[in-house]
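Asks: Attaching a single structure in structure tokens format; questions to follow.
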Amino acid sequence: MYAYKETMTLDNPQQLTLRVPLPFLKGKKVEVLIIVEEDETDYVSQNKALMQQIELSMQTHQQRGGYQPTDEEMNAILSECRVHQRSVKH
């Protein structure tokens, strides 16, 4: 069994160019495992539903048309924040 590992940045996803030639004859059957590091930016930009949700959220924010909590809801939220801040300090 032969194992080879190389980390590379892809210039062309359709073609991989290795730094070291592999010691196989033409026609040899090989198994290839590709692991891609994916960051959150890639996930978000490629997720159409999430991008639409972000766009809608930006529009409502700019128009100040988003949900407005009642005074009672705001008091409950702020009260919970105060309780959390006290527990963090101790």
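Every chain in the structure tokens has a letter given in the order shown (A, B, ...), and although residue numbers restart at 1 in each chain, ligands are simply numbered from 1 in the order shown.
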Extract, using only C-alpha atoms, all DNA, RNA and protein residues at most 9 Å from stretch 40-57 of chain A, discarding same-chain residues fewer than 4 positions from it, and format them as an NGL selection string.
Replies: :A and (61-62 or 66)
Asks: Write out, as a PDB file, in the first residue's frame, the residues just selected, with C-alpha atoms.
Replies:
```
ATOM      1  CA  HIS A  61     -33.412  46.582   9.192  1.00  0.00           C
ATOM      2  CA  GLN A  62     -32.876  49.447   6.724  1.00  0.00           C
ATOM      3  CA  GLY A  66     -38.591  44.444  11.698  1.00  0.00           C
TER       4      GLY A  66
END
```
Asks: Among chain A, which ones does DSSP assign to helix (DSSP H, G or I) (computed from the backbone)? Answer as an MDAnalysis selection string.
Replies: chainID A and resid 40:45 48:62 71:89
Asks: Quick one: write out the picked residues with C-alpha atoms as a PDB file, in the first residue's frame?
Replies:
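The resulting file, selection.pdb, is shown below:
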```pdb
ATOM      1  CA  GLU A  40     -18.521  29.874   7.056  1.00  0.00           C
ATOM      2  CA  THR A  41     -18.315  32.381   4.223  1.00  0.00           C
ATOM      3  CA  ASP A  42     -18.379  29.590   1.644  1.00  0.00           C
ATOM      4  CA  TYR A  43     -21.325  27.918   3.349  1.00  0.00           C
ATOM      5  CA  VAL A  44     -23.356  31.118   3.605  1.00  0.00           C
ATOM      6  CA  SER A  45     -22.653  32.370   0.075  1.00  0.00           C
ATOM      7  CA  LYS A  48     -29.497  30.281  -1.478  1.00  0.00           C
ATOM      8  CA  ALA A  49     -32.158  30.118   1.245  1.00  0.00           C
ATOM      9  CA  LEU A  50     -29.813  31.614   3.843  1.00  0.00           C
ATOM     10  CA  MET A  51     -28.720  34.389   1.460  1.00  0.00           C
ATOM     11  CA  GLN A  52     -32.397  35.261   0.826  1.00  0.00           C
ATOM     12  CA  GLN A  53     -33.033  35.347   4.582  1.00  0.00           C
ATOM     13  CA  ILE A  54     -30.059  37.673   5.098  1.00  0.00           C
ATOM     14  CA  GLU A  55     -31.238  39.947   2.258  1.00  0.00           C
ATOM     15  CA  LEU A  56     -34.754  40.163   3.730  1.00  0.00           C
ATOM     16  CA  SER A  57     -33.321  40.864   7.166  1.00  0.00           C
ATOM     17  CA  MET A  58     -31.145  43.669   5.772  1.00  0.00           C
ATOM     18  CA  GLN A  59     -34.152  45.205   4.038  1.00  0.00           C
ATOM     19  CA  THR A  60     -36.324  45.174   7.168  1.00  0.00           C
ATOM     20  CA  HIS A  61     -33.412  46.582   9.192  1.00  0.00           C
ATOM     21  CA  GLN A  62     -32.876  49.447   6.724  1.00  0.00           C
ATOM     22  CA  ASP A  71     -42.385  47.198  26.637  1.00  0.00           C
ATOM     23  CA  GLU A  72     -43.168  44.055  28.637  1.00  0.00           C
ATOM     24  CA  GLU A  73     -41.002  41.905  26.336  1.00  0.00           C
ATOM     25  CA  MET A  74     -38.144  44.432  26.504  1.00  0.00           C
ATOM     26  CA  ASN A  75     -38.309  44.474  30.316  1.00  0.00           C
ATOM     27  CA  ALA A  76     -38.164  40.664  30.382  1.00  0.00           C
ATOM     28  CA  ILE A  77     -35.178  40.624  28.012  1.00  0.00           C
ATOM     29  CA  LEU A  78     -33.293  43.300  29.964  1.00  0.00           C
ATOM     30  CA  SER A  79     -34.093  41.589  33.262  1.00  0.00           C
ATOM     31  CA  GLU A  80     -32.653  38.321  31.926  1.00  0.00           C
ATOM     32  CA  CYS A  81     -29.516  40.170  30.769  1.00  0.00           C
ATOM     33  CA  ARG A  82     -29.020  41.647  34.248  1.00  0.00           C
ATOM     34  CA  VAL A  83     -29.371  38.213  35.866  1.00  0.00           C
ATOM     35  CA  HIS A  84     -26.830  36.795  33.426  1.00  0.00           C
ATOM     36  CA  GLN A  85     -24.363  39.654  34.038  1.00  0.00           C
ATOM     37  CA  ARG A  86     -24.546  39.098  37.803  1.00  0.00           C
ATOM     38  CA  SER A  87     -23.908  35.370  37.438  1.00  0.00           C
ATOM     39  CA  VAL A  88     -20.896  36.027  35.187  1.00  0.00           C
ATOM     40  CA  LYS A  89     -19.333  38.494  37.656  1.00  0.00           C
TER      41      LYS A  89
END
```
Asks: So which one's closest to A:Leu33, A:Gln63, A:Ala3, A:Thr17, A:Asn12? Using only C-alpha atoms, please.
Replies: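 Looking at the shortest contact to A:Leu33, the residue is A:Ala3.
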Asks: Looking at only C-alpha atoms, which of A:Tyr2, A:Thr9, A:Leu22, A:Arg64 is the one that sits closest to A:Val36?
Replies: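 The answer is A:Thr9, which sits nearest to A:Val36.
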